file protein04.cif (mmCIF, C-alpha atoms)
data_model
#
loop_
_atom_site.label_atom_id
_atom_site.label_comp_id
_atom_site.auth_asym_id
_atom_site.auth_seq_id
_atom_site.Cartn_x
_atom_site.Cartn_y
_atom_site.Cartn_z
CA MET A 1 77.34 33.42 163.22
CA GLU A 2 75.78 31.85 160.14
CA THR A 3 74.83 28.22 160.09
CA ASP A 4 76.01 25.79 157.43
CA ALA A 5 72.51 25.69 155.94
CA ALA A 6 72.41 29.44 155.34
CA PRO A 7 72.20 30.24 151.65
CA PRO A 8 74.82 32.51 150.07
CA ARG A 9 74.11 36.18 150.43
CA ARG A 10 72.83 37.77 147.25
CA PRO A 11 72.68 41.48 146.51
CA VAL A 12 69.13 42.81 146.73
CA PRO A 13 68.18 45.73 144.51
CA PRO A 14 67.16 48.85 146.46
CA ARG A 15 63.47 49.58 146.83
CA GLY A 16 61.99 52.69 145.31
CA PRO A 17 60.30 55.36 147.45
CA TRP A 18 56.83 54.21 146.41
CA GLN A 19 57.53 50.59 147.33
CA GLN A 20 58.91 51.71 150.68
CA ALA A 21 55.85 53.92 151.31
CA VAL A 22 53.43 51.08 150.46
CA ARG A 23 55.11 48.71 152.93
CA LEU A 24 55.15 51.29 155.71
CA GLY A 25 51.52 52.15 154.95
CA VAL A 26 50.44 48.51 155.24
CA ALA A 27 52.37 48.18 158.51
CA ALA A 28 50.64 51.30 159.83
CA VAL A 29 47.20 50.00 158.84
CA VAL A 30 47.82 46.68 160.59
CA GLY A 31 49.04 48.56 163.67
CA VAL A 32 45.96 50.81 163.72
CA LEU A 33 43.64 47.78 163.54
CA LEU A 34 45.39 46.08 166.47
CA TRP A 35 45.47 49.37 168.40
CA LEU A 36 41.70 49.81 167.93
CA LEU A 37 41.14 46.19 168.97
CA THR A 38 43.14 46.81 172.12
CA GLY A 39 41.13 50.01 172.81
CA ALA A 40 37.90 48.02 172.51
CA MET A 41 39.14 45.68 175.23
CA LEU A 42 39.76 48.50 177.70
CA PRO A 43 37.06 49.07 180.34
CA ARG A 44 34.48 51.77 179.69
CA GLY A 45 35.13 55.11 181.29
CA CYS A 46 38.77 54.22 181.73
CA ALA A 47 40.36 56.78 183.97
CA GLU A 48 42.94 59.05 182.52
CA GLU A 49 45.60 57.71 184.89
CA SER A 50 45.21 54.10 183.83
CA CYS A 51 44.71 54.67 180.08
CA SER A 52 47.16 57.50 179.47
CA TRP A 53 49.79 55.15 177.97
CA PHE A 54 47.29 53.90 175.38
CA VAL A 55 46.56 57.46 174.25
CA THR A 56 50.03 59.02 174.37
CA GLY A 57 52.87 56.55 174.90
CA ASP A 58 51.61 53.86 172.51
CA PRO A 59 51.41 56.17 169.44
CA LEU A 60 54.82 57.72 170.20
CA VAL A 61 56.51 54.32 170.40
CA ALA A 62 54.75 53.27 167.18
CA LEU A 63 56.00 56.37 165.39
CA GLY A 64 59.56 55.58 166.47
CA CYS A 65 59.19 51.99 165.31
CA LEU A 66 57.89 52.99 161.87
CA THR A 67 60.80 55.41 161.53
CA ALA A 68 63.29 52.71 162.50
CA VAL A 69 61.74 50.17 160.12
CA ALA A 70 62.64 52.44 157.21
CA TRP A 71 66.32 51.55 157.96
CA ARG A 72 65.73 47.80 158.15
CA ARG A 73 67.58 47.02 154.92
CA ARG A 74 70.77 48.73 156.08
CA PHE A 75 70.69 47.40 159.67
CA PRO A 76 68.36 44.36 159.49
CA VAL A 77 69.15 42.60 162.78
CA PRO A 78 69.42 45.63 165.14
CA VAL A 79 66.29 47.25 163.70
CA ALA A 80 64.25 44.03 163.84
CA LEU A 81 65.36 43.31 167.42
CA ALA A 82 64.65 46.85 168.64
CA VAL A 83 61.23 47.04 166.98
CA ALA A 84 60.27 43.55 168.25
CA VAL A 85 61.03 44.59 171.85
CA ALA A 86 59.43 48.03 171.51
CA SER A 87 56.24 46.57 170.01
CA ALA A 88 55.59 44.86 173.37
CA ALA A 89 54.78 48.33 174.77
CA SER A 90 52.77 49.52 171.77
CA ALA A 91 49.89 47.79 170.04
CA LEU A 92 50.10 50.40 167.29
CA ALA A 93 53.70 49.27 166.57
CA SER A 94 52.69 45.65 165.97
CA GLY A 95 52.50 46.16 162.20
CA ALA A 96 56.00 47.65 162.14
CA ALA A 97 57.29 44.67 164.15
CA LEU A 98 55.74 42.16 161.75
CA LEU A 99 57.27 44.05 158.77
CA ALA A 100 60.69 44.05 160.42
CA ILE A 101 60.49 40.31 161.24
CA GLY A 102 59.29 39.45 157.73
CA SER A 103 62.05 41.53 156.16
CA LEU A 104 64.64 39.81 158.35
CA ALA A 105 63.20 36.36 157.51
CA ALA A 106 63.60 37.13 153.79
CA ARG A 107 67.35 36.81 154.35
CA ARG A 108 66.71 33.16 155.34
CA ARG A 109 69.25 33.05 158.17
CA PRO A 110 67.90 31.10 161.16
CA ALA A 111 70.66 32.37 163.45
CA GLU A 112 69.40 35.94 162.94
CA ILE A 113 65.68 35.14 163.01
CA ALA A 114 65.61 33.08 166.24
CA PRO A 115 66.60 35.79 168.77
CA VAL A 116 64.28 38.37 167.19
CA VAL A 117 61.31 35.98 167.31
CA ALA A 118 62.15 35.08 170.91
CA ALA A 119 62.20 38.77 171.85
CA PHE A 120 58.91 39.38 170.06
CA VAL A 121 57.23 36.47 171.89
CA ILE A 122 58.62 37.01 175.41
CA ALA A 123 58.76 40.82 175.71
CA PRO A 124 54.95 41.32 176.02
CA LEU A 125 54.99 39.31 179.27
CA PHE A 126 56.77 42.22 180.96
CA THR A 127 54.41 44.96 179.71
CA THR A 128 51.04 43.62 180.81
CA GLY A 129 50.61 46.48 183.34
CA LEU A 130 50.48 49.15 180.64
CA TYR A 131 46.90 48.24 179.64
CA PRO A 132 44.19 47.69 182.31
CA VAL A 133 42.65 44.71 180.56
CA GLU A 134 41.04 41.90 182.51
CA ARG A 135 42.83 38.67 181.65
CA PRO A 136 41.38 35.18 182.20
CA PRO A 137 43.33 32.48 184.03
CA GLY A 138 46.15 31.03 181.90
CA SER A 139 46.25 34.12 179.72
CA PRO A 140 50.11 34.24 179.64
CA TRP A 141 50.17 30.95 177.76
CA ILE A 142 47.45 32.12 175.44
CA GLN A 143 49.38 35.34 174.83
CA LEU A 144 52.59 33.39 174.17
CA SER A 145 50.79 31.16 171.72
CA LEU A 146 49.28 34.11 169.87
CA GLN A 147 52.61 35.92 169.72
CA LEU A 148 54.35 32.78 168.50
CA LEU A 149 51.68 32.16 165.86
CA THR A 150 51.89 35.77 164.65
CA ALA A 151 55.69 35.67 164.50
CA GLY A 152 55.54 32.33 162.67
CA PHE A 153 53.23 33.80 160.05
CA ALA A 154 55.60 36.77 159.54
CA VAL A 155 58.64 34.47 159.31
CA ALA A 156 56.95 32.12 156.83
CA THR A 157 55.84 35.02 154.66
CA GLY A 158 59.28 36.63 154.71
CA TRP A 159 61.02 33.30 154.04
CA ALA A 160 58.79 32.70 151.00
CA VAL A 161 59.49 36.21 149.72
CA GLY A 162 63.22 35.65 150.17
CA ALA A 163 63.10 32.32 148.35
CA ARG A 164 61.16 33.87 145.48
CA ARG A 165 63.58 36.77 145.34
CA ALA A 166 66.58 34.42 145.25
CA GLU A 167 64.95 32.39 142.48
CA VAL A 168 64.33 35.50 140.40
CA LEU A 169 67.91 36.67 140.91
CA SER A 170 69.17 33.23 139.98
CA LEU A 171 67.09 33.18 136.80
CA ARG A 172 68.29 36.64 135.87
CA GLU A 173 71.90 35.62 136.45
CA ARG A 174 71.41 32.51 134.35
CA ALA A 175 69.90 34.61 131.57
CA ARG A 176 72.81 37.04 131.72
CA SER A 177 75.29 34.15 131.78
CA ALA A 178 73.59 32.49 128.80
CA GLU A 179 73.62 35.80 126.93
CA ARG A 180 77.32 36.29 127.68
CA GLU A 181 78.06 32.72 126.60
CA GLN A 182 76.06 33.18 123.41
CA THR A 183 77.93 36.40 122.65
CA ALA A 184 81.26 34.70 123.34
CA LEU A 185 80.36 31.79 121.05
CA ALA A 186 79.29 34.19 118.30
CA ASP A 187 82.53 36.15 118.66
CA ARG A 188 84.56 32.96 118.60
CA ALA A 189 82.70 31.76 115.51
CA ARG A 190 83.41 35.05 113.76
CA VAL A 191 87.10 34.85 114.68
CA LEU A 192 87.37 31.26 113.49
CA GLU A 193 85.61 32.12 110.23
CA ARG A 194 87.88 35.10 109.62
CA ASN A 195 90.93 32.97 110.35
CA ARG A 196 89.68 30.26 108.01
CA ILE A 197 89.14 32.74 105.19
CA ALA A 198 92.53 34.35 105.85
CA ARG A 199 94.17 30.92 105.77
CA GLU A 200 92.57 30.16 102.41
CA MET A 201 93.76 33.47 101.02
CA HIS A 202 97.22 33.00 102.55
CA ASP A 203 97.72 29.67 100.81
CA SER A 204 96.58 31.18 97.52
CA LEU A 205 98.93 34.12 98.05
CA ALA A 206 101.89 31.79 98.68
CA HIS A 207 101.09 29.93 95.48
CA ARG A 208 100.96 33.11 93.40
CA ILE A 209 104.20 34.44 94.85
CA SER A 210 105.91 31.14 94.09
CA LEU A 211 104.83 31.40 90.45
CA VAL A 212 106.05 35.00 90.26
CA ALA A 213 109.40 33.93 91.72
CA LEU A 214 109.60 31.13 89.16
CA GLN A 215 109.00 33.53 86.26
CA ALA A 216 111.50 36.04 87.59
CA GLY A 217 114.06 33.27 87.95
CA ALA A 218 113.48 32.24 84.33
CA LEU A 219 114.17 35.79 83.17
CA ASP A 220 117.37 35.92 85.20
CA HIS A 221 118.50 32.46 84.08
CA ARG A 222 117.73 32.94 80.36
CA PRO A 223 119.06 36.30 79.20
CA ASP A 224 118.94 34.98 75.61
CA LEU A 225 115.14 34.57 75.53
CA PRO A 226 113.43 35.99 72.46
CA ASP A 227 111.60 39.26 72.98
CA GLU A 228 108.22 37.59 72.54
CA GLU A 229 108.83 35.00 75.26
CA ARG A 230 110.36 37.65 77.51
CA ALA A 231 107.28 39.79 77.07
CA VAL A 232 105.05 36.84 78.02
CA LEU A 233 107.04 36.27 81.21
CA VAL A 234 106.99 39.98 82.07
CA ARG A 235 103.23 40.09 81.61
CA GLY A 236 102.91 36.95 83.76
CA ILE A 237 105.00 38.54 86.51
CA ALA A 238 102.94 41.74 86.37
CA ASP A 239 99.65 39.85 86.41
CA GLY A 240 100.78 37.49 89.19
CA SER A 241 102.08 40.41 91.28
CA TYR A 242 98.78 42.26 90.87
CA ARG A 243 96.78 39.20 91.92
CA ALA A 244 99.11 38.58 94.86
CA LEU A 245 98.63 42.19 95.96
CA GLU A 246 94.85 41.77 95.77
CA ASP A 247 95.06 38.58 97.85
CA LEU A 248 97.24 40.37 100.39
CA ARG A 249 94.69 43.18 100.69
CA ASP A 250 91.94 40.60 101.17
CA VAL A 251 93.90 38.86 103.93
CA LEU A 252 94.54 42.12 105.78
CA GLY A 253 90.92 43.20 105.33
CA VAL A 254 89.61 39.93 106.76
CA LEU A 255 91.96 40.03 109.75
CA ARG A 256 91.25 43.66 110.59
CA ALA A 257 87.51 43.90 110.04
CA GLU A 258 84.71 42.55 112.22
CA GLN A 259 83.09 41.28 109.03
CA PRO A 260 84.97 40.66 105.78
CA ASP A 261 84.46 43.56 103.37
CA ARG A 262 85.13 41.39 100.37
CA PRO A 263 83.27 38.25 99.33
CA GLU A 264 84.75 34.95 100.38
CA PRO A 265 87.02 33.49 97.67
CA PRO A 266 85.78 30.46 95.73
CA ARG A 267 86.19 27.31 97.78
CA PRO A 268 88.75 24.83 96.42
CA SER A 269 87.10 22.02 94.47
CA TYR A 270 88.00 19.12 92.21
CA ASP A 271 86.80 20.82 89.04
CA ARG A 272 89.23 23.72 89.63
CA VAL A 273 92.32 21.53 89.41
CA PRO A 274 92.66 21.97 85.60
CA ALA A 275 92.54 25.77 86.02
CA LEU A 276 95.26 25.48 88.66
CA VAL A 277 97.42 23.49 86.24
CA HIS A 278 96.72 26.01 83.47
CA ASP A 279 97.95 28.90 85.65
CA ALA A 280 101.11 26.96 86.45
CA ARG A 281 101.77 26.35 82.73
CA ALA A 282 101.15 30.02 81.98
CA SER A 283 103.86 30.92 84.49
CA GLY A 284 106.40 28.76 82.64
CA MET A 285 106.17 25.46 84.52
CA ASP A 286 106.24 22.15 82.65
CA VAL A 287 103.14 20.47 84.09
CA THR A 288 101.36 17.35 82.84
CA LEU A 289 97.95 16.36 84.23
CA THR A 290 96.59 12.84 83.84
CA VAL A 291 93.05 12.21 85.05
CA GLY A 292 91.81 8.65 85.39
CA THR A 293 88.96 9.08 87.84
CA THR A 294 85.49 7.69 87.31
CA GLY A 295 82.97 10.37 88.11
CA GLU A 296 83.57 13.39 90.33
CA PRO A 297 84.49 12.96 94.01
CA PRO A 298 82.44 14.56 96.82
CA ASP A 299 83.08 18.13 97.83
CA ALA A 300 85.22 17.27 100.84
CA LEU A 301 87.56 15.10 98.76
CA GLY A 302 87.64 17.67 95.94
CA ASP A 303 88.65 20.34 98.44
CA VAL A 304 91.57 18.26 99.74
CA CYS A 305 92.57 17.16 96.22
CA TYR A 306 92.85 20.77 95.09
CA ARG A 307 94.98 21.65 98.12
CA VAL A 308 97.32 18.70 97.58
CA VAL A 309 97.92 19.67 93.94
CA ARG A 310 98.36 23.34 94.82
CA GLU A 311 100.85 22.63 97.58
CA ALA A 312 102.81 20.28 95.31
CA LEU A 313 102.98 22.89 92.52
CA THR A 314 103.99 25.58 95.01
CA ASN A 315 106.81 23.43 96.40
CA ALA A 316 107.99 22.47 92.91
CA ALA A 317 108.10 26.13 91.87
CA LYS A 318 110.05 27.06 95.00
CA HIS A 319 112.47 24.16 95.31
CA ALA A 320 112.81 22.79 91.77
CA PRO A 321 112.47 25.66 89.27
CA GLY A 322 112.25 24.47 85.69
CA ALA A 323 111.68 20.83 86.65
CA PRO A 324 108.91 18.88 84.89
CA VAL A 325 105.91 18.10 87.10
CA ARG A 326 103.62 15.10 86.55
CA ILE A 327 100.21 14.96 88.21
CA THR A 328 98.11 11.79 88.23
CA LEU A 329 94.57 11.54 89.56
CA ASP A 330 92.72 8.22 89.66
CA GLY A 331 90.02 6.44 91.61
CA ALA A 332 86.33 5.61 91.64
CA PRO A 333 83.39 5.62 94.08
CA GLY A 334 83.66 2.85 96.65
CA GLY A 335 87.45 2.89 96.51
CA ALA A 336 89.91 5.74 97.02
CA LEU A 337 90.94 8.92 95.25
CA GLY A 338 94.63 8.70 94.49
CA ILE A 339 96.76 11.82 93.96
CA VAL A 340 100.38 11.52 92.87
CA VAL A 341 102.57 14.53 92.08
CA ARG A 342 106.19 13.99 91.00
CA ASN A 343 108.75 16.55 89.92
CA GLY A 344 112.23 16.05 88.65
CA PRO A 345 115.38 17.77 89.88
CA ALA A 346 115.72 21.52 89.46
CA ALA A 347 116.58 22.49 85.87
CA ARG A 348 118.25 25.70 87.01
CA THR A 349 119.61 27.16 90.19
CA ARG A 350 117.56 29.52 92.32
CA THR A 351 118.57 33.15 92.46
CA GLY A 352 117.71 33.37 96.16
CA PRO A 353 116.14 31.47 99.04
CA PRO A 354 112.65 30.09 98.33
CA PRO A 355 109.74 32.15 99.66
CA ALA A 356 108.23 30.78 102.84
CA SER A 357 104.75 29.33 102.60
CA GLY A 358 101.95 29.10 105.12
CA TYR A 359 101.12 25.78 106.75
CA GLY A 360 102.95 23.69 104.14
CA LEU A 361 103.04 19.92 104.30
CA PRO A 362 102.16 19.63 108.03
CA GLY A 363 98.95 21.59 107.45
CA LEU A 364 98.21 19.53 104.35
CA ALA A 365 98.68 16.28 106.29
CA GLU A 366 96.17 17.56 108.87
CA ARG A 367 93.56 18.17 106.16
CA VAL A 368 94.16 14.74 104.63
CA ARG A 369 93.74 13.03 108.00
CA ALA A 370 90.51 14.97 108.56
CA VAL A 371 88.89 13.05 105.68
CA GLY A 372 90.41 9.71 106.71
CA GLY A 373 93.18 9.71 104.12
CA THR A 374 96.96 9.25 104.17
CA LEU A 375 99.74 11.51 102.88
CA ASP A 376 103.26 10.49 101.91
CA HIS A 377 106.12 12.63 100.61
CA HIS A 378 109.79 11.80 100.05
CA PRO A 379 112.72 12.60 97.76
CA ALA A 380 112.79 10.62 94.51
CA PRO A 381 115.82 8.56 93.42
CA ASP A 382 116.46 10.90 90.47
CA GLY A 383 116.86 13.90 92.77
CA GLY A 384 113.28 15.08 92.44
CA PHE A 385 110.42 14.85 94.89
CA ALA A 386 107.25 12.77 95.12
CA LEU A 387 104.05 13.55 96.97
CA SER A 388 101.10 11.17 97.11
CA ALA A 389 97.78 11.04 98.91
CA ARG A 390 94.98 8.49 99.13
CA LEU A 391 91.53 9.66 100.17
CA PRO A 392 88.67 7.21 100.88
CA TRP A 393 85.89 7.68 98.32
CA PRO A 394 82.43 6.63 99.59
CA GLY A 395 80.37 4.40 97.35
CA ASP A 396 77.21 6.54 97.62
CA GLU A 397 78.34 9.89 96.38
CA PRO A 398 76.63 12.73 98.26
CA GLU A 399 74.88 15.49 96.42
CA ARG A 400 77.30 18.20 95.40
CA ARG A 401 76.66 21.80 96.30
CA SER A 402 75.56 24.16 93.60
#
call {"tool": "encode", "arguments": {"input": "protein04.cif", "output": "structure tokens"}}
result
Amino acid sequence: METDAAPPRRPVPPRGPWQQAVRLGVAAVVGVLLWLLTGAMLPRGCAEESCSWFVTGDPLVALGCLTAVAWRRRFPVPVALAVAVASAASALASGAALLAIGSLAARRRPAEIAPVVAAFVIAPLFTTGLYPVERPPGSPWIQLSLQLLTAGFAVATGWAVGARRAEVLSLRERARSAEREQTALADRARVLERNRIAREMHDSLAHRISLVALQAGALDHRPDLPDEERAVLVRGIADGSYRALEDLRDVLGVLRAEQPDRPEPPRPSYDRVPALVHDARASGMDVTLTVGTTGEPPDALGDVCYRVVREALTNAAKHAPGAPVRITLDGAPGGALGIVVRNGPAARTRTGPPPASGYGLPGLAERVRAVGGTLDHHPAPDGGFALSARLPWPGDEPERRS
């Protein structure tokens, strides 16, 4: 039974044949040295009857022990216990016993090590008659001390090897865990980036489709349009449909591919607001832009400003076709960037339900809050709709990106 202090069992990689052969060879060399030392202690001219075990039995037991030690990793406790007991009758098997004890100690389980060490220390007391060696008074205690010291050395060596092995395994596991975590973070970053790009393209796609729907509604509502104006609207619908199709392909490409095949679309910015208004006018919307800002806001505010205007124009095209839209931008560094978009009531009825957009006003409110601003939207008294946002504008304007 394991003690509470026993460390968790870790899988140990199997040893190769060369490593196994080296360990058995070292054990055999140690055994041969002790066997020769024991032979030097035997009396000269030892009779065959009294020294026969040293010549025949001792080597046979040692051979069995070396064979058994080769199985120590599969059956650590039985092999170590058997070899420790057998080594008491064979000086040549002492190296195999020390290898078995050291291998068992590498597991760092005191409950397994204690009985094997006890057997290794006590068993030689019952085999003293096998070798006719003259022993001085008190030799049993000396023998016990030597056996205990030898076993202690084997246990300490094996314990150190086990601790080192556990440390190496722990470091390898940490390295593998860090590599897996790094891979997971990289994958997550790629997914988030693809989703961000797809979201940008999705909002742009919703805006284009809204403009196409507005132009198609104008054609349906005004059958008396002159041919020239009708041709302009038809070209606008064709151009808007083509661009919407390209945006849709980009979205699908980004969501399907590991890496986007197409370059990332231009990031929304403050200086692109006039182009946004121009596209809306080209689609037939009545849009007026009034700019009263001092200087150009930082990139983060310009990004949000562009999104607020785009969402307002998209909603006006969907819910109030033909209504005039008034956009006012004002503010200065050290104050706030104000954005107000108002549209009147619909000038004509819609031919169908408005196309659904992406994140809409809830997503826009999240972006506004991210820069510390506030967003307000409500129906106007004249039946139209008003949307306003105020974004804090730092006094020290950061350097804009190129």
call {"tool": "residues_near_point", "arguments": {"input": "protein04.cif", "point": "(47.9, 50.8, 163.6)", "cutoff": "9 Å", "atoms": "all atoms listed in the file", "output": "ChimeraX atom specification"}}
result
/A:27-36,59,62,91-96
call {"tool": "resolve_selection", "arguments": {"input": "protein04.cif", "expression": "the PyMOL selection byres ((chain A and resi 285) around 12)", "output": "ChimeraX atom specification"}}
result
/A:210-215,217-218,233,236,276-284,286-288,313-314,316-318,320-326,343-344,346-347
call {"tool": "write_last_selection", "arguments": {"input": "protein04.cif", "atoms": "C-alpha atoms", "output": "compact mmCIF listing (two decimals), in the coordinates of the input"}}
result
# COMPACT_ATOMS: atom_id res chain seq x y z
CA SER A 210 105.91 31.14 94.09
CA LEU A 211 104.83 31.40 90.45
CA VAL A 212 106.05 35.00 90.26
CA ALA A 213 109.40 33.93 91.72
CA LEU A 214 109.60 31.13 89.16
CA GLN A 215 109.00 33.53 86.26
CA GLY A 217 114.06 33.27 87.95
CA ALA A 218 113.48 32.24 84.33
CA LEU A 233 107.04 36.27 81.21
CA GLY A 236 102.91 36.95 83.76
CA LEU A 276 95.26 25.48 88.66
CA VAL A 277 97.42 23.49 86.24
CA HIS A 278 96.72 26.01 83.47
CA ASP A 279 97.95 28.90 85.65
CA ALA A 280 101.11 26.96 86.45
CA ARG A 281 101.77 26.35 82.73
CA ALA A 282 101.15 30.02 81.98
CA SER A 283 103.86 30.92 84.49
CA GLY A 284 106.40 28.76 82.64
CA ASP A 286 106.24 22.15 82.65
CA VAL A 287 103.14 20.47 84.09
CA THR A 288 101.36 17.35 82.84
CA LEU A 313 102.98 22.89 92.52
CA THR A 314 103.99 25.58 95.01
CA ALA A 316 107.99 22.47 92.91
CA ALA A 317 108.10 26.13 91.87
CA LYS A 318 110.05 27.06 95.00
CA ALA A 320 112.81 22.79 91.77
CA PRO A 321 112.47 25.66 89.27
CA GLY A 322 112.25 24.47 85.69
CA ALA A 323 111.68 20.83 86.65
CA PRO A 324 108.91 18.88 84.89
CA VAL A 325 105.91 18.10 87.10
CA ARG A 326 103.62 15.10 86.55
CA ASN A 343 108.75 16.55 89.92
CA GLY A 344 112.23 16.05 88.65
CA ALA A 346 115.72 21.52 89.46
CA ALA A 347 116.58 22.49 85.87
call {"tool": "closest_residue", "arguments": {"input": "protein04.cif", "among": "A:Val61, A:Leu329, A:Leu98, A:Leu171", "to": "Arg23 in chain A", "atoms": "only C-alpha atoms"}}
result
A:Leu98
call {"tool": "resolve_selection", "arguments": {"input": "protein04.cif", "expression": "the PyMOL selection byres ((chain A and resi 84) around 10)", "output": "NGL selection string"}}
result
:A and (65 or 78-83 or 85-89 or 93-94 or 96-101 or 116-124 or 151)
call {"tool": "atom_distance", "arguments": {"input": "protein04.cif", "atom1": "CA of Arg164 in chain A", "atom2": "CA of Gly25 in chain A"}}
result
22.7 Å
call {"tool": "atom_distance", "arguments": {"input": "protein04.cif", "atom1": "CA of Pro333 in chain A", "atom2": "CA of Thr290 in chain A"}}
result
18.2 Å
call {"tool": "closest_residue", "arguments": {"input": "protein04.cif", "among": "A:Val304, A:Ile339, A:Gly331, A:Pro379", "to": "Leu289 in chain A", "atoms": "all atoms listed in the file"}}
result
A:Ile339
call {"tool": "residues_near_point", "arguments": {"input": "protein04.cif", "point": "(63.8, 34.5, 158.5)", "cutoff": "12 Å", "atoms": "only C-alpha atoms", "output": "VMD selection string"}}
result
chain A and resid 6 to 7 76 to 77 80 98 to 117 151 to 163
call {"tool": "atom_distance", "arguments": {"input": "protein04.cif", "atom1": "CA of Gly57 in chain A", "atom2": "CA of Arg74 in chain A"}}
result
27.1 Å
call {"tool": "resolve_selection", "arguments": {"input": "protein04.cif", "expression": "the PyMOL selection byres ((chain A and resi 372) around 9)", "output": "mmCIF file with C-alpha atoms, in the coordinates of the input"}}
result
data_model
loop_
_atom_site.group_PDB
_atom_site.id
_atom_site.type_symbol
_atom_site.label_atom_id
_atom_site.label_comp_id
_atom_site.auth_asym_id
_atom_site.auth_seq_id
_atom_site.Cartn_x
_atom_site.Cartn_y
_atom_site.Cartn_z
ATOM 1 C CA VAL A 368 94.160 14.740 104.630
ATOM 2 C CA ARG A 369 93.740 13.030 108.000
ATOM 3 C CA ALA A 370 90.510 14.970 108.560
ATOM 4 C CA VAL A 371 88.890 13.050 105.680
ATOM 5 C CA GLY A 373 93.180 9.710 104.120
ATOM 6 C CA THR A 374 96.960 9.250 104.170
ATOM 7 C CA ARG A 390 94.980 8.490 99.130
ATOM 8 C CA LEU A 391 91.530 9.660 100.170
ATOM 9 C CA PRO A 392 88.670 7.210 100.880
#
call {"tool": "closest_residue", "arguments": {"input": "protein04.cif", "among": "A:Ala21, A:Cys305, A:Ala365, A:Ala312", "to": "Leu337 in chain A", "atoms": "only C-alpha atoms"}}
result
A:Cys305
call {"tool": "closest_residue", "arguments": {"input": "protein04.cif", "among": "A:Ile142, A:Asp299, A:Ser90, A:Thr328", "to": "Leu60 in chain A", "atoms": "all atoms listed in the file"}}
result
A:Ser90
call {"tool": "build_atoms", "arguments": {"input": "protein04.cif", "residues": "range 163-174 of chain A", "atoms": "N, CA, C and O atoms", "output": "PDB file, in the frame of the given file"}}
result
ATOM      1  N   ALA A 163      62.856  33.413 149.290  1.00  0.00           N
ATOM      2  CA  ALA A 163      63.100  32.320 148.350  1.00  0.00           C
ATOM      3  C   ALA A 163      62.728  32.719 146.929  1.00  0.00           C
ATOM      4  O   ALA A 163      63.451  32.423 145.971  1.00  0.00           O
ATOM      5  N   ARG A 164      61.580  33.407 146.810  1.00  0.00           N
ATOM      6  CA  ARG A 164      61.160  33.870 145.480  1.00  0.00           C
ATOM      7  C   ARG A 164      62.159  34.879 144.923  1.00  0.00           C
ATOM      8  O   ARG A 164      62.506  34.855 143.744  1.00  0.00           O
ATOM      9  N   ARG A 165      62.614  35.772 145.784  1.00  0.00           N
ATOM     10  CA  ARG A 165      63.580  36.770 145.340  1.00  0.00           C
ATOM     11  C   ARG A 165      64.880  36.115 144.882  1.00  0.00           C
ATOM     12  O   ARG A 165      65.455  36.491 143.850  1.00  0.00           O
ATOM     13  N   ALA A 166      65.354  35.119 145.641  1.00  0.00           N
ATOM     14  CA  ALA A 166      66.580  34.420 145.250  1.00  0.00           C
ATOM     15  C   ALA A 166      66.398  33.678 143.931  1.00  0.00           C
ATOM     16  O   ALA A 166      67.304  33.631 143.091  1.00  0.00           O
ATOM     17  N   GLU A 167      65.206  33.095 143.742  1.00  0.00           N
ATOM     18  CA  GLU A 167      64.950  32.390 142.480  1.00  0.00           C
ATOM     19  C   GLU A 167      64.962  33.346 141.297  1.00  0.00           C
ATOM     20  O   GLU A 167      65.535  33.044 140.238  1.00  0.00           O
ATOM     21  N   VAL A 168      64.348  34.526 141.488  1.00  0.00           N
ATOM     22  CA  VAL A 168      64.330  35.500 140.400  1.00  0.00           C
ATOM     23  C   VAL A 168      65.745  35.980 140.091  1.00  0.00           C
ATOM     24  O   VAL A 168      66.142  36.101 138.915  1.00  0.00           O
ATOM     25  N   LEU A 169      66.526  36.254 141.133  1.00  0.00           N
ATOM     26  CA  LEU A 169      67.910  36.670 140.910  1.00  0.00           C
ATOM     27  C   LEU A 169      68.710  35.588 140.212  1.00  0.00           C
ATOM     28  O   LEU A 169      69.533  35.865 139.332  1.00  0.00           O
ATOM     29  N   SER A 170      68.464  34.331 140.618  1.00  0.00           N
ATOM     30  CA  SER A 170      69.170  33.230 139.980  1.00  0.00           C
ATOM     31  C   SER A 170      68.809  33.108 138.506  1.00  0.00           C
ATOM     32  O   SER A 170      69.677  32.901 137.646  1.00  0.00           O
ATOM     33  N   LEU A 171      67.508  33.252 138.199  1.00  0.00           N
ATOM     34  CA  LEU A 171      67.090  33.180 136.800  1.00  0.00           C
ATOM     35  C   LEU A 171      67.665  34.330 135.987  1.00  0.00           C
ATOM     36  O   LEU A 171      68.080  34.148 134.831  1.00  0.00           O
ATOM     37  N   ARG A 172      67.703  35.509 136.577  1.00  0.00           N
ATOM     38  CA  ARG A 172      68.290  36.640 135.870  1.00  0.00           C
ATOM     39  C   ARG A 172      69.782  36.421 135.611  1.00  0.00           C
ATOM     40  O   ARG A 172      70.286  36.735 134.532  1.00  0.00           O
ATOM     41  N   GLU A 173      70.473  35.881 136.617  1.00  0.00           N
ATOM     42  CA  GLU A 173      71.900  35.620 136.450  1.00  0.00           C
ATOM     43  C   GLU A 173      72.140  34.560 135.391  1.00  0.00           C
ATOM     44  O   GLU A 173      73.076  34.656 134.587  1.00  0.00           O
ATOM     45  N   ARG A 174      71.274  33.536 135.385  1.00  0.00           N
ATOM     46  CA  ARG A 174      71.410  32.510 134.350  1.00  0.00           C
ATOM     47  C   ARG A 174      71.176  33.096 132.963  1.00  0.00           C
ATOM     48  O   ARG A 174      71.865  32.751 132.002  1.00  0.00           O
TER      49      ARG A 174
END
